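The structure appears right after this line, and notes come after that.
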Amino acid sequence: MPTHYLDSEKSESSLRTDQTRITITAERRRWARKPAHITDALDFWSFAGAAANVILQLGWPEVAYGVMESKVESGALTAHPWKRARTTTQYLTVAILGNAEERKAYCEAVNSVHRHVKSDANSPVKYNAFNRELQLWVAACLFIGFEDSHQLLHGKMSEEQAESFYQSASTLGTTLQVTEEMWPATRADFERYWNLGCERVVIDERTKQYLIDLVNLQMIAWPIRLVFRNLLRFLTVGFLPPIYRDQLDLEWTEDDRRRFEHLFIFVSFVNRFIPRSVRQAGNTIQMRDIRRRIKTSKNLV
């Protein structure tokens, strides 16, 4: 793997964006303030694609096996899904809303866990959670999730809005080991990085079964799964790009796409009547919890 994809001699990807991104056609007028900023995306529904985003991240074998073979049982997704959801959400919250000291504190907490995530002699691929390229890929997936959900709720952004939104999002990576220099300089650079990165998406049989279980909410208690499975499965598959659906053998029709987009048009309409403070209350509470934990020296992850 090259030191950085944008430094690679290969300037263009063999994959097209319509293979690596979901299709969003809605052109309705955005009601979010200008210029677009990553904080605009901290809406409850922005996390509807959380499971799909985990799947995006695990498209790289090194990330997949780092998660599946992790010896940090307390943070295992399949064993402790609610704790993993909390810590991931808090990471996103502090990366977007936290100050430099708070991001540093959370970085140190994550580092204490990542020290134990590395391959051994029996691992089919070599990985290390401190690998900055792997962290950049994970951060890129997080950005994709926010950009997709934001456009589903507010309509497609103009090039100027998309650039502003992108430039505000680098802390998704730099809160960990990713440097500012590694974060692609422009939105166009990021798209090239993303398409090149998607060439490395390889889902073997072991990973496929792990991800299908995730799609089907197998880690959740069956009463909750019974109630929410169909909706969450629909949302998860809807947030996956075609290249992922193909490798996971997940069916997604044009009718499914229209229903998916219409759902978010409805949610967007409802959101117009809900104050931003209410829509983002979850992140506000998370940020208070983070600050409380830092102040009292309690574990962050």
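Ligands are numbered from 1 in the order shown, chains are lettered A, B, ... in the order of the structure tokens, and residues start at 1 in each chain.
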
So that each row is one residue of region 87-113 of chain A with an atom at most 12 Å from region 136-140 of chain A, can you give its shortest atom pair and the distance in Å to one decimal, using only C-alpha atoms, rows by chain and rising number, as JSON lines?
{"residue": "A:Thr88", "atom": "CA", "partner": "A:Val138", "partner_atom": "CA", "distance": 11.7}
{"residue": "A:Tyr91", "atom": "CA", "partner": "A:Ala139", "partner_atom": "CA", "distance": 11.1}
{"residue": "A:Leu92", "atom": "CA", "partner": "A:Ala139", "partner_atom": "CA", "distance": 9.9}
{"residue": "A:Ala95", "atom": "CA", "partner": "A:Ala139", "partner_atom": "CA", "distance": 10.6}

Find, counting only C-alpha atoms, the residue in A:Arg292, A:Lys118, A:Val94, A:Pro241 that gets nearest to Asn195 (chain A).
->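 The answer is A:Pro241, which sits nearest to Asn195 (chain A).
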
Restricting the calculation to only C-alpha atoms, which member of A:Arg245, A:Ile203, A:His150, A:Ser164 is positioned closest to Ala26 (chain A)?
-> A:His150

Just the alpha helix (DSSP H) stuff from region 194-254 of chain A, please, per backbone DSSP, written as a PyMOL selection string.
-> chain A and resi 194-198+205-215+222-238+242-248+254

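You can rank A:Thr186, A:Asn299, A:Thr236, A:Gln286 by their closest distance to Thr89 (chain A) using only C-alpha atoms, and at the top of that list sits A:Gln286.
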
Using only C-alpha atoms: which of A:Leu176, A:Ala121, A:Ala51, A:Val278 has the shortest distance to Lys104 (chain A) =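 Looking only at the distances to Lys104 (chain A), the closest residue turns out to be A:Leu176.
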
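Comparing A:Leu226, A:Ala48, A:Leu56, A:Ile220 by their smallest distance to Ile144 (chain A), the closest is A:Leu56 (using only C-alpha atoms).
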
Which polymer residues have any atom within 9 Å of an atom of Gly59 (chain A), counting only C-alpha atoms, with same-chain residues fewer than 5 positions away left out, as a list in words?
-> Val54, Ala64, Cys198, Arg200, Val201, Val202, Ile203, Thr207 and Tyr244 of chain A

Write a file of the selected residues as a CSV table (one decimal), in the first residue's frame, keeping N, CA and C atoms.
chain,number,residue,atom,x,y,z
A,54,VAL,N,-20.1,1.5,9.5
A,54,VAL,CA,-19.2,0.5,10.0
A,54,VAL,C,-18.8,-0.4,8.8
A,64,ALA,N,-11.1,-4.5,8.8
A,64,ALA,CA,-12.1,-5.6,9.1
A,64,ALA,C,-11.5,-6.6,10.1
A,198,CYS,N,-11.6,2.9,-2.7
A,198,CYS,CA,-12.6,1.8,-2.9
A,198,CYS,C,-12.1,0.7,-3.7
A,200,ARG,N,-9.6,-0.9,-3.0
A,200,ARG,CA,-9.1,-1.8,-2.0
A,200,ARG,C,-10.2,-2.5,-1.2
A,201,VAL,N,-11.4,-2.2,-1.5
A,201,VAL,CA,-12.5,-2.9,-0.8
A,201,VAL,C,-12.6,-4.4,-1.2
A,202,VAL,N,-12.3,-5.2,-0.3
A,202,VAL,CA,-12.3,-6.7,-0.6
A,202,VAL,C,-13.0,-7.3,0.6
A,203,ILE,N,-14.2,-8.0,0.4
A,203,ILE,CA,-14.9,-8.6,1.5
A,203,ILE,C,-14.9,-10.1,1.3
A,207,THR,N,-15.5,-12.0,6.6
A,207,THR,CA,-15.9,-10.6,6.7
A,207,THR,C,-17.4,-10.5,6.3
A,244,TYR,N,-20.3,-2.0,-2.5
A,244,TYR,CA,-20.5,-2.8,-1.3
A,244,TYR,C,-21.7,-3.7,-1.4

One-decimal distance in Å that lies between CA of Gln151 (chain A) and CA of Ile22 (chain A) =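 If I compute the distance from CA of Ile22 (chain A) to CA of Gln151 (chain A), I get 11.0 Å.
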